[in-house]
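Novice: Sharing query-v2.tsv (TSV, C-alpha atoms and all ligand atoms) below.
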chain	number	residue	atom	x	y	z
A	1	MET	CA	-42.95	-29.08	-34.05
A	2	ALA	CA	-39.92	-26.88	-34.55
A	3	HIS	CA	-39.92	-23.48	-32.88
A	4	ASN	CA	-37.83	-20.40	-33.41
A	5	PHE	CA	-36.66	-18.48	-30.36
A	6	THR	CA	-35.24	-14.99	-30.78
A	7	THR	CA	-34.22	-13.81	-27.35
A	8	ASN	CA	-32.50	-10.86	-25.75
A	9	LEU	CA	-30.81	-12.02	-22.56
A	10	ARG	CA	-31.26	-8.63	-20.88
A	11	HIS	CA	-35.02	-9.02	-21.05
A	12	TYR	CA	-34.69	-11.92	-18.63
A	13	LEU	CA	-32.51	-10.10	-16.12
A	14	ASP	CA	-33.11	-7.32	-13.63
A	15	GLU	CA	-30.98	-4.19	-13.36
A	16	THR	CA	-28.38	-5.99	-11.25
A	17	GLY	CA	-27.94	-8.62	-13.97
A	18	GLN	CA	-29.71	-11.39	-12.05
A	19	ILE	CA	-32.75	-13.49	-12.90
A	20	PRO	CA	-35.53	-11.74	-10.92
A	21	ILE	CA	-36.76	-13.76	-7.94
A	22	ASN	CA	-40.44	-13.09	-8.68
A	23	MET	CA	-40.27	-14.14	-12.34
A	24	LEU	CA	-43.11	-16.42	-13.49
A	25	PRO	CA	-42.12	-20.12	-13.70
A	26	GLU	CA	-42.31	-20.36	-17.50
A	27	ALA	CA	-40.11	-17.31	-18.08
A	28	ARG	CA	-37.82	-18.42	-15.30
A	29	LYS	CA	-37.30	-21.77	-16.97
A	30	MET	CA	-36.37	-19.98	-20.19
A	31	ALA	CA	-34.05	-17.61	-18.34
A	32	SER	CA	-32.23	-20.53	-16.71
A	33	PHE	CA	-31.87	-22.25	-20.08
A	34	LEU	CA	-30.51	-19.12	-21.80
A	35	THR	CA	-28.02	-18.21	-19.08
A	36	ALA	CA	-26.75	-21.80	-18.84
A	37	LEU	CA	-26.35	-21.86	-22.61
A	38	VAL	CA	-24.39	-18.60	-22.63
A	39	GLU	CA	-22.13	-19.91	-19.87
A	40	SER	CA	-21.59	-23.20	-21.66
A	41	VAL	CA	-20.70	-21.57	-24.98
A	42	THR	CA	-18.60	-18.69	-23.66
A	43	SER	CA	-16.58	-21.01	-21.42
A	44	HIS	CA	-15.24	-22.67	-24.59
A	45	PRO	CA	-15.65	-20.11	-27.37
A	46	GLU	CA	-13.00	-21.68	-29.60
A	47	GLU	CA	-14.58	-25.14	-29.60
A	48	ALA	CA	-18.03	-23.62	-29.76
A	49	LYS	CA	-17.30	-21.96	-33.09
A	50	ASN	CA	-18.23	-25.23	-34.75
A	51	GLY	CA	-21.02	-25.94	-32.29
A	52	ILE	CA	-20.77	-27.94	-29.09
A	53	ASN	CA	-23.13	-30.20	-27.25
A	54	THR	CA	-24.15	-28.19	-24.21
A	55	GLY	CA	-25.86	-31.05	-22.39
A	56	LEU	CA	-28.83	-28.75	-21.81
A	57	THR	CA	-32.36	-29.99	-22.36
A	58	CYS	CA	-34.39	-28.40	-25.15
A	59	PRO	CA	-36.78	-25.74	-23.80
A	60	VAL	CA	-39.64	-27.10	-25.91
A	61	ASP	CA	-42.13	-28.94	-23.70
A	62	ARG	CA	-41.68	-32.72	-23.55
A	63	CYS	CA	-38.98	-32.68	-26.30
A	64	GLY	CA	-36.11	-33.80	-24.10
A	65	GLY	CA	-33.49	-33.30	-26.84
A	66	LEU	CA	-30.01	-32.11	-25.89
A	67	VAL	CA	-29.22	-28.82	-27.59
A	68	SER	CA	-25.99	-27.71	-29.21
A	69	GLY	CA	-24.68	-24.15	-28.88
A	70	GLN	CA	-22.60	-22.12	-31.30
A	71	TYR	CA	-20.33	-19.12	-30.85
A	72	HIS	CA	-20.12	-16.57	-33.67
A	73	GLY	CA	-17.74	-14.00	-32.25
A	74	TYR	CA	-18.01	-11.47	-29.50
A	75	ILE	CA	-20.32	-9.04	-31.21
A	76	SER	CA	-22.79	-11.64	-32.54
A	77	PRO	CA	-25.69	-13.46	-30.95
A	78	ILE	CA	-25.06	-16.97	-29.64
A	79	THR	CA	-27.19	-19.59	-31.41
A	80	TRP	CA	-28.49	-22.99	-30.40
A	81	LYS	CA	-30.25	-25.94	-32.03
A	82	CYS	CA	-32.16	-28.97	-30.89
A	83	PRO	CA	-31.38	-31.99	-33.09
A	84	LYS	CA	-34.46	-33.82	-31.91
A	85	CYS	CA	-37.33	-31.41	-32.60
A	86	GLY	CA	-35.49	-29.04	-34.93
A	87	SER	CA	-36.12	-25.97	-32.78
A	88	GLU	CA	-33.47	-23.28	-32.77
A	89	GLY	CA	-32.82	-19.87	-31.34
A	90	ASP	CA	-30.45	-16.97	-30.95
A	91	ILE	CA	-29.49	-15.03	-27.86
A	92	SER	CA	-28.44	-11.39	-28.13
A	93	ASN	CA	-27.06	-9.06	-25.47
A	94	TRP	CA	-25.21	-11.77	-23.61
A	95	GLN	CA	-21.98	-9.75	-23.52
A	96	HIS	CA	-20.94	-8.49	-20.07
A	97	SER	CA	-23.63	-10.57	-18.39
A	98	ASN	CA	-22.74	-12.66	-15.38
A	99	TRP	CA	-22.69	-15.67	-17.68
A	100	ASP	CA	-20.23	-14.24	-20.17
A	101	PHE	CA	-17.06	-16.24	-19.56
A	102	THR	CA	-15.09	-15.10	-22.58
A	103	ASP	CA	-11.60	-13.91	-21.84
A	104	PRO	CA	-11.09	-10.74	-23.82
A	105	ASP	CA	-7.32	-11.21	-23.85
A	106	GLU	CA	-7.59	-14.49	-25.65
A	107	THR	CA	-10.47	-13.64	-27.87
A	108	GLU	CA	-9.32	-13.25	-31.41
A	109	ASP	CA	-12.48	-11.30	-32.05
A	110	LEU	CA	-11.02	-8.42	-30.13
A	111	ASN	CA	-10.48	-6.49	-33.33
A	112	LEU	CA	-14.08	-6.97	-34.31
A	113	LEU	CA	-15.08	-5.73	-30.93
A	114	LYS	CA	-12.87	-2.70	-31.30
A	115	GLU	CA	-14.63	-1.94	-34.55
A	116	ALA	CA	-17.98	-2.22	-32.84
A	117	PHE	CA	-16.80	0.19	-30.21
A	118	ASN	CA	-15.42	2.60	-32.75
A	119	HIS	CA	-18.91	3.20	-34.05
A	120	PHE	CA	-19.58	4.96	-30.80
A	121	PHE	CA	-16.69	7.31	-31.09
A	122	ASP	CA	-16.63	10.67	-32.72
A	123	PRO	CA	-14.46	10.82	-35.86
A	124	SER	CA	-12.43	13.67	-34.38
A	125	VAL	CA	-11.44	11.36	-31.53
A	126	LEU	CA	-10.32	8.77	-34.03
A	127	GLU	CA	-8.17	11.37	-35.77
A	128	SER	CA	-6.61	12.44	-32.51
A	129	GLY	CA	-5.11	8.98	-32.19
A	130	LEU	CA	-6.49	8.44	-28.70
A	131	PRO	CA	-6.48	4.93	-27.33
A	132	LEU	CA	-9.96	3.85	-28.23
A	133	PHE	CA	-10.43	0.74	-26.36
A	134	ASP	CA	-9.30	-0.95	-23.22
A	135	PHE	CA	-11.36	-3.92	-22.32
A	136	PRO	CA	-12.09	-4.29	-18.60
A	137	LYS	CA	-10.43	-7.46	-17.40
A	138	LYS	CA	-12.14	-9.53	-14.79
A	139	GLN	CA	-8.92	-10.14	-12.92
A	140	GLY	CA	-5.55	-8.64	-13.26
A	141	ARG	CA	-2.85	-6.53	-11.89
A	142	LYS	CA	-2.30	-2.86	-11.82
A	143	LYS	CA	-1.25	-1.44	-15.13
A	144	ALA	CA	0.91	1.63	-14.86
A	145	PRO	CA	-0.56	4.41	-16.95
A	146	SER	CA	1.45	5.43	-19.93
A	147	LYS	CA	3.54	8.53	-19.40
A	148	LYS	CA	3.55	9.11	-23.12
A	149	PHE	CA	0.55	10.95	-24.38
A	150	ASP	CA	-0.23	13.59	-26.98
A	151	HIS	CA	-3.64	14.77	-25.91
A	152	TYR	CA	-5.43	15.75	-22.77
A	153	LEU	CA	-9.08	15.50	-21.81
A	154	GLN	CA	-10.67	18.65	-20.44
A	155	LEU	CA	-13.21	17.65	-17.83
A	156	LYS	CA	-15.71	19.57	-15.79
A	157	ILE	CA	-16.52	18.11	-12.39
A	158	SER	CA	-19.78	19.32	-10.87
A	159	LEU	CA	-20.97	18.38	-7.43
A	160	GLU	CA	-24.64	17.59	-7.88
A	161	ASN	CA	-27.32	19.27	-5.78
A	162	THR	CA	-25.13	22.09	-4.58
A	163	LYS	CA	-26.32	25.69	-4.87
A	164	PRO	CA	-24.44	27.74	-5.85
A	165	SER	CA	-22.74	25.01	-7.78
A	166	ILE	CA	-19.40	23.64	-6.59
A	167	TRP	CA	-17.34	22.68	-9.64
A	168	ARG	CA	-13.83	22.22	-11.04
A	169	ARG	CA	-12.28	22.14	-14.49
A	170	ILE	CA	-9.28	19.88	-14.98
A	171	GLU	CA	-7.09	18.55	-17.77
A	172	ILE	CA	-5.85	14.98	-17.54
A	173	PRO	CA	-3.68	12.86	-19.88
A	174	CYS	CA	-5.77	10.94	-22.41
A	175	THR	CA	-4.06	7.78	-21.17
A	176	SER	CA	-5.45	8.21	-17.64
A	177	THR	CA	-7.19	5.25	-16.06
A	178	PHE	CA	-10.25	5.64	-13.88
A	179	TRP	CA	-7.94	5.25	-10.89
A	180	ASP	CA	-5.93	8.25	-12.08
A	181	LEU	CA	-9.15	10.20	-12.52
A	182	HIS	CA	-10.28	9.23	-9.03
A	183	VAL	CA	-7.06	10.66	-7.57
A	184	ALA	CA	-7.37	13.80	-9.71
A	185	ILE	CA	-10.99	14.39	-8.65
A	186	GLN	CA	-10.08	14.01	-4.98
A	187	ASP	CA	-7.25	16.51	-5.32
A	188	ALA	CA	-9.10	19.02	-7.48
A	189	MET	CA	-12.19	18.99	-5.28
A	190	GLY	CA	-10.30	19.03	-2.00
A	191	TRP	CA	-11.54	15.71	-0.60
A	192	THR	CA	-9.25	13.62	1.57
A	193	ASP	CA	-10.06	10.21	0.01
A	194	SER	CA	-11.22	8.76	3.31
A	195	HIS	CA	-14.42	7.11	2.07
A	196	LEU	CA	-15.35	4.63	-0.63
A	197	HIS	CA	-16.04	5.79	-4.17
A	198	GLN	CA	-17.40	4.44	-7.44
A	199	PHE	CA	-17.75	5.44	-11.08
A	200	GLU	CA	-20.85	4.66	-13.09
A	201	VAL	CA	-20.77	4.65	-16.89
A	202	ALA	CA	-23.12	3.42	-19.59
A	203	ASP	CA	-21.93	0.29	-21.37
A	204	PRO	CA	-21.64	1.41	-25.03
A	205	LEU	CA	-22.69	-2.04	-26.24
A	206	THR	CA	-25.82	-2.39	-24.16
A	207	GLY	CA	-26.55	0.96	-22.52
A	208	TYR	CA	-26.65	-0.77	-19.15
A	209	PRO	CA	-24.73	0.74	-16.24
A	210	LEU	CA	-21.21	-0.46	-15.51
A	211	PHE	CA	-19.50	0.20	-12.22
A	212	LEU	CA	-15.81	0.90	-11.88
A	213	GLY	CA	-14.00	1.23	-8.61
A	214	VAL	CA	-12.10	-0.77	-6.06
A	215	PRO	CA	-13.71	-4.21	-5.72
A	216	HIS	CA	-14.03	-4.94	-2.03
A	217	GLU	CA	-14.21	-8.42	-0.61
A	218	GLU	CA	-17.16	-7.48	1.56
A	219	ASP	CA	-19.24	-6.32	-1.42
A	220	ILE	CA	-22.35	-8.35	-2.08
A	221	GLU	CA	-21.24	-8.75	-5.68
A	222	PRO	CA	-17.56	-7.83	-5.88
A	223	GLU	CA	-17.41	-9.18	-9.44
A	224	ARG	CA	-19.81	-6.42	-10.44
A	225	THR	CA	-17.15	-3.76	-9.85
A	226	ILE	CA	-14.55	-3.45	-12.60
A	227	PRO	CA	-11.10	-2.58	-11.18
A	228	GLU	CA	-10.75	1.05	-12.13
A	229	TRP	CA	-6.97	0.95	-12.61
A	230	GLU	CA	-7.37	-1.38	-15.59
A	231	VAL	CA	-9.62	0.79	-17.71
A	232	ARG	CA	-8.87	4.04	-19.42
A	233	VAL	CA	-11.24	6.94	-19.04
A	234	ALA	CA	-11.11	7.54	-22.81
A	235	SER	CA	-12.62	4.08	-23.37
A	236	TYR	CA	-15.93	5.31	-22.05
A	237	LEU	CA	-15.81	9.08	-21.91
A	238	THR	CA	-15.90	10.17	-25.53
A	239	LEU	CA	-17.25	13.06	-27.53
A	240	ALA	CA	-20.21	10.84	-28.35
A	241	HIS	CA	-20.70	9.82	-24.69
A	242	ARG	CA	-19.66	12.83	-22.72
A	243	THR	CA	-20.76	12.21	-19.17
A	244	LEU	CA	-20.36	9.79	-16.32
A	245	THR	CA	-20.85	9.97	-12.59
A	246	TYR	CA	-18.51	9.55	-9.66
A	247	GLU	CA	-19.89	8.99	-6.21
A	248	TYR	CA	-17.80	9.63	-3.14
A	249	ASP	CA	-18.78	8.61	0.39
A	250	PHE	CA	-21.82	6.36	0.05
A	251	GLY	CA	-23.04	7.63	3.43
A	252	ASP	CA	-23.11	11.33	2.58
A	253	GLY	CA	-23.65	10.51	-1.09
A	254	TRP	CA	-21.65	13.13	-2.92
A	255	VAL	CA	-22.40	12.56	-6.59
A	256	HIS	CA	-20.10	14.27	-9.09
A	257	LYS	CA	-21.08	14.68	-12.69
A	258	ILE	CA	-18.02	14.40	-14.95
A	259	THR	CA	-18.36	15.96	-18.38
A	260	LEU	CA	-15.84	15.73	-21.20
A	261	GLU	CA	-15.78	19.30	-22.49
A	262	SER	CA	-13.05	18.98	-25.08
A	263	ILE	CA	-9.90	17.17	-26.15
A	264	GLY	CA	-6.77	19.26	-26.54
A	265	LYS	CA	-3.24	18.82	-27.75
A	266	ARG	CA	-0.71	18.49	-24.98
A	267	GLU	CA	1.28	21.63	-24.27
A	268	LYS	CA	4.96	21.13	-23.62
A	269	GLU	CA	5.40	23.37	-20.61
A	270	VAL	CA	2.35	22.12	-18.80
A	271	THR	CA	2.36	19.44	-16.12
A	272	TYR	CA	-0.73	17.27	-16.24
A	273	PRO	CA	-3.12	16.89	-14.61
A	274	ARG	CA	-3.81	20.52	-13.95
A	275	CYS	CA	-6.74	22.47	-12.64
A	276	THR	CA	-7.74	25.45	-14.77
A	277	GLY	CA	-10.91	26.61	-13.09
A	278	GLY	CA	-13.56	26.12	-10.49
A	279	ARG	CA	-15.84	27.78	-7.97
A	280	ARG	CA	-16.48	27.46	-4.26
A	281	ALA	CA	-14.92	25.40	-1.52
A	282	CYS	CA	-15.25	21.65	-1.21
A	283	PRO	CA	-17.68	20.68	1.55
A	284	PRO	CA	-15.92	19.40	4.68
A	285	GLU	CA	-15.70	15.60	4.97
A	286	ASP	CA	-18.64	14.04	6.83
A	287	SER	CA	-20.72	17.20	6.58
A	288	GLY	CA	-23.82	15.14	5.85
A	289	GLY	CA	-24.28	15.26	2.09
A	290	PRO	CA	-25.74	17.91	-0.23
A	291	HIS	CA	-28.98	18.44	1.68
A	292	VAL	CA	-27.55	18.83	5.20
A	293	PHE	CA	-24.60	20.82	3.86
A	294	GLY	CA	-26.97	23.15	1.99
A	295	GLU	CA	-28.96	23.76	5.16
A	296	MET	CA	-25.81	24.61	7.10
A	297	LEU	CA	-24.69	27.07	4.41
A	298	ASP	CA	-28.08	28.69	4.66
A	299	LEU	CA	-27.78	29.02	8.45
A	300	LEU	CA	-24.25	30.36	8.10
A	301	GLU	CA	-25.57	33.13	5.91
A	302	ASN	CA	-29.10	33.79	7.11
A	303	GLY	CA	-29.39	32.15	10.53
A	304	LYS	CA	-29.87	33.79	13.90
A	305	PRO	CA	-26.58	34.47	15.73
A	306	ALA	CA	-26.80	31.18	17.68
A	307	GLU	CA	-27.55	29.23	14.51
A	308	LYS	CA	-24.67	30.91	12.68
A	309	LYS	CA	-22.36	29.97	15.48
A	310	ALA	CA	-23.55	26.35	15.46
A	311	ALA	CA	-23.15	26.08	11.68
A	312	LYS	CA	-19.69	27.59	11.91
A	313	GLU	CA	-18.73	24.98	14.51
A	314	GLU	CA	-20.14	22.21	12.39
A	315	LEU	CA	-18.35	23.26	9.20
A	316	GLY	CA	-15.10	24.14	10.94
A	317	PRO	CA	-13.65	27.53	11.86
A	318	TYR	CA	-11.61	27.85	8.66
A	319	PHE	CA	-14.33	26.94	6.19
A	320	GLU	CA	-14.97	29.69	3.65
A	321	PRO	CA	-17.78	28.58	1.31
A	322	ASP	CA	-16.83	30.80	-1.62
A	323	GLN	CA	-13.11	30.18	-1.44
A	324	PHE	CA	-11.36	28.36	-4.26
A	325	ASP	CA	-8.15	28.99	-6.17
A	326	PRO	CA	-7.27	26.55	-8.97
A	327	SER	CA	-3.58	27.46	-8.76
A	328	GLU	CA	-3.45	25.99	-5.26
A	329	VAL	CA	-4.53	22.51	-6.36
A	330	LYS	CA	-1.74	19.95	-5.97
A	331	PHE	CA	-2.12	16.63	-7.76
A	332	GLN	CA	-0.71	13.49	-6.22
A	333	ASP	CA	1.07	10.83	-8.25
A	334	PRO	CA	-1.65	8.20	-8.80
A	335	GLU	CA	0.89	5.37	-8.70
A	336	LYS	CA	2.19	6.41	-5.30
A	337	ARG	CA	-1.35	6.85	-4.10
A	338	PHE	CA	-2.14	3.34	-5.30
A	339	GLU	CA	0.59	1.92	-3.08
A	340	THR	CA	-0.75	3.50	0.10
A	341	TYR	CA	-4.47	3.34	-0.61
A	342	PHE	CA	-5.03	-0.27	0.35
A	343	ASP	CA	-3.37	0.09	3.73
A	344	GLU	CA	-6.02	2.54	4.80
A	345	PHE	CA	-9.17	0.49	4.45
B	401	ZN	ZN	-36.26	-30.02	-28.98
Take the structure from the file and write it as C-alpha cells.
Specialist:
Amino acid sequence: MAHNFTTNLRHYLDETGQIPINMLPEARKMASFLTALVESVTSHPEEAKNGINTGLTCPVDRCGGLVSGQYHGYISPITWKCPKCGSEGDISNWQHSNWDFTDPDETEDLNLLKEAFNHFFDPSVLESGLPLFDFPKKQGRKKAPSKKFDHYLQLKISLENTKPSIWRRIEIPCTSTFWDLHVAIQDAMGWTDSHLHQFEVADPLTGYPLFLGVPHEEDIEPERTIPEWEVRVASYLTLAHRTLTYEYDFGDGWVHKITLESIGKREKEVTYPRCTGGRRACPPEDSGGPHVFGEMLDLLENGKPAEKKAAKEELGPYFEPDQFDPSEVKFQDPEKRFETYFDEF
C-alpha cells in the first residue's frame, strides 16, 4: 500500500544537528533514510532536478524498492518516490543540516534564496541599500571587507550578568564581517583578544542557532563553526532580528549581548568604527567570569580592609571599576589583526 510521508528533518535531529543516540529504532531508521536522501540529492542538485535514483531502500516495511529523489530548489522541500509501492514523501528543513551538500556559489537558486531571506528584513533596511545577504561558505578564503559603504550600524554591546552593567555603544560600517565586529568588540570593551570567542545567531530560515567564529582543528565539530570573516554582520543582524550573542573566553564565559539599535547614514568626517558611549571598565582578563568578578567588586567596595586589599591585588593596582572614556578607544585594522591572529594560538 502506498504511504505518504511528510517529514521535517529537524524533528529527527538533536540541537547539535545529529541523530540522537537514544532514538528508538523505528525513528532512527527513518532518520537514517531521510539524511541519506538529503545527502544524495544535495550532492547532485542539478541532476536531481529531474529526479535521480538514490539507491536507497524504500522505508516501507518489506517493500525493498529503490527510491528516487528530486531537488526543487534551495527553499523547497526535497521529495522522494518509491516506484515499487508508490509511496512518496517530502522533507522540509534540510537546509544547513550536516547533510546539505549544496554549494551556494553554484546554486542558481541563490536569487530565490535571497528573496526568502528578504522576507526577514525590515523594509527600511531594504531602502537603505544594505547588502542583504552573504551566504556562509563552507570553505573559502578571507574576503577583505569593502571599504565602500554608505551606512553604519549602531550597536550596543552589553556584558551579561554585570551589575552595574558594563556596556559600549559603537558604530561600524554596514559592510563589516563578523571578524571585523569581533575586533571592534575587543577594542571597544578593552579585552586583549587572548582567548577564544564565538558568535551565536539564529538562522533566519530555521530559527536554529548558528555559530560563527574561527574554526579550530581541535574542535569536536569544526564544520559547525562558520568562518566569521566570510559573513557580513548585516546578513543576520537586522531591524527584524536585532540581537545576537558573542562569547569571549569559554573558561570565564563572558557573554556579550549585541543589539542593533539603529542604522545611520555615514558621516564624511567620521572614521569608522567609532565608540560613542559606554559605562564602566572592562573586567581584567582571567578575572574569573561575571560571578567571581562581581564578588571581587563587592569586596573592593564593602569588604574589610584585608579583603579590600586582596581584591585590589586580584584585579590589579590600576583597575578602576567605574572608569571608561569612549574617546580613548582605539580600533585596530581588522585586516592587519587577521594576519597576526593565527600566529598566537
Ligand atoms: Zn516502496
Novice: Write as a PyMOL selection string the residues around ligand ZN 401 (chain B), taking 8 Å as the cut-off and counting only C-alpha atoms and all ligand atoms.
Specialist: chain A and resi 2+57-61+63-67+81-87
Novice: Since we have the selection now, will you write its residues out, keeping C-alpha atoms, as an mmCIF file, keeping the file's coordinate frame?
Specialist:
data_model
loop_
_atom_site.group_PDB
_atom_site.id
_atom_site.type_symbol
_atom_site.label_atom_id
_atom_site.label_comp_id
_atom_site.auth_asym_id
_atom_site.auth_seq_id
_atom_site.Cartn_x
_atom_site.Cartn_y
_atom_site.Cartn_z
ATOM 1 C CA ALA A 2 -39.920 -26.880 -34.550
ATOM 2 C CA THR A 57 -32.360 -29.990 -22.360
ATOM 3 C CA CYS A 58 -34.390 -28.400 -25.150
ATOM 4 C CA PRO A 59 -36.780 -25.740 -23.800
ATOM 5 C CA VAL A 60 -39.640 -27.100 -25.910
ATOM 6 C CA ASP A 61 -42.130 -28.940 -23.700
ATOM 7 C CA CYS A 63 -38.980 -32.680 -26.300
ATOM 8 C CA GLY A 64 -36.110 -33.800 -24.100
ATOM 9 C CA GLY A 65 -33.490 -33.300 -26.840
ATOM 10 C CA LEU A 66 -30.010 -32.110 -25.890
ATOM 11 C CA VAL A 67 -29.220 -28.820 -27.590
ATOM 12 C CA LYS A 81 -30.250 -25.940 -32.030
ATOM 13 C CA CYS A 82 -32.160 -28.970 -30.890
ATOM 14 C CA PRO A 83 -31.380 -31.990 -33.090
ATOM 15 C CA LYS A 84 -34.460 -33.820 -31.910
ATOM 16 C CA CYS A 85 -37.330 -31.410 -32.600
ATOM 17 C CA GLY A 86 -35.490 -29.040 -34.930
ATOM 18 C CA SER A 87 -36.120 -25.970 -32.780
#
Novice: When you count all atoms listed in the file, which of these residues is closest to Trp80 (chain A): A:Lys268, A:Arg242, A:Lys308, A:His3?
Specialist: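 Of the candidates, the smallest distance to Trp80 (chain A) is held by A:His3.
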Novice: Go ahead and compute the interatomic distance for CA of Leu237 (chain A) and CA of Leu210 (chain A), in Å to one decimal.
Specialist: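 Interatomic distance, CA of Leu237 (chain A) to CA of Leu210 (chain A): 12.7 Å.
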Novice: Would you mind listing what lies within 6 Å of Thr177 (chain A) as a PyMOL selection string, with only C-alpha atoms counted and same-chain residues fewer than 4 positions away left out?
Specialist: chain A and resi 229+231-233
Novice: Using all atoms listed in the file, which residues sit within 12 Å of region 26-33 of chain A once same-chain residues fewer than 2 positions away are excluded, as a PyMOL selection string?
Specialist: chain A and resi 5-14+17-24+35-40+54-61+66-67+69+80+89+91+94+99
Novice: What is the distance between CA of Thr192 (chain A) and CA of Pro284 (chain A), in Å to one decimal?
Specialist: 9.4 Å
Novice: Please report as a tab-separated table every residue of region 167-240 of chain A lying within 6 Å of region 271-283 of chain A, along with the nearest atom pair and their distance in Å (one decimal), using only C-alpha atoms.
Specialist:
residue	atom	partner	partner_atom	distance
A:Trp167	CA	A:Gly278	CA	5.2
A:Arg168	CA	A:Gly278	CA	3.9
A:Arg169	CA	A:Gly277	CA	4.9
A:Ile170	CA	A:Cys275	CA	4.3
A:Glu171	CA	A:Pro273	CA	5.3
A:Ile172	CA	A:Pro273	CA	4.4
A:Met189	CA	A:Cys282	CA	5.7
A:Gly190	CA	A:Cys282	CA	5.7
Novice: Would you compute the distance between CA of Gly207 (chain A) and CA of Asp193 (chain A)? Give it in Å to one decimal.
Specialist: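 It comes out at 29.4 Å.
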Novice: Counting all atoms listed in the file, which residue out of A:Glu228, A:Asn50, A:Arg266, A:Trp254 sits closest to Gln154 (chain A)?
Specialist: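 Selected residue with least distance to Gln154 (chain A): A:Arg266.
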Novice: With distances taken over only C-alpha atoms, which residue among A:Thr245, A:Thr162, A:Thr79, A:Gln95 lies nearest Val292 (chain A)?
Specialist: A:Thr162
Novice: Might you pull out every residue within 10 Å of Ser287 (chain A), with all atoms listed in the file counted and same-chain residues fewer than 6 positions away left off, and present them as a VMD selection string?
Specialist: chain A and resid 252 293 to 294 296 314 to 316
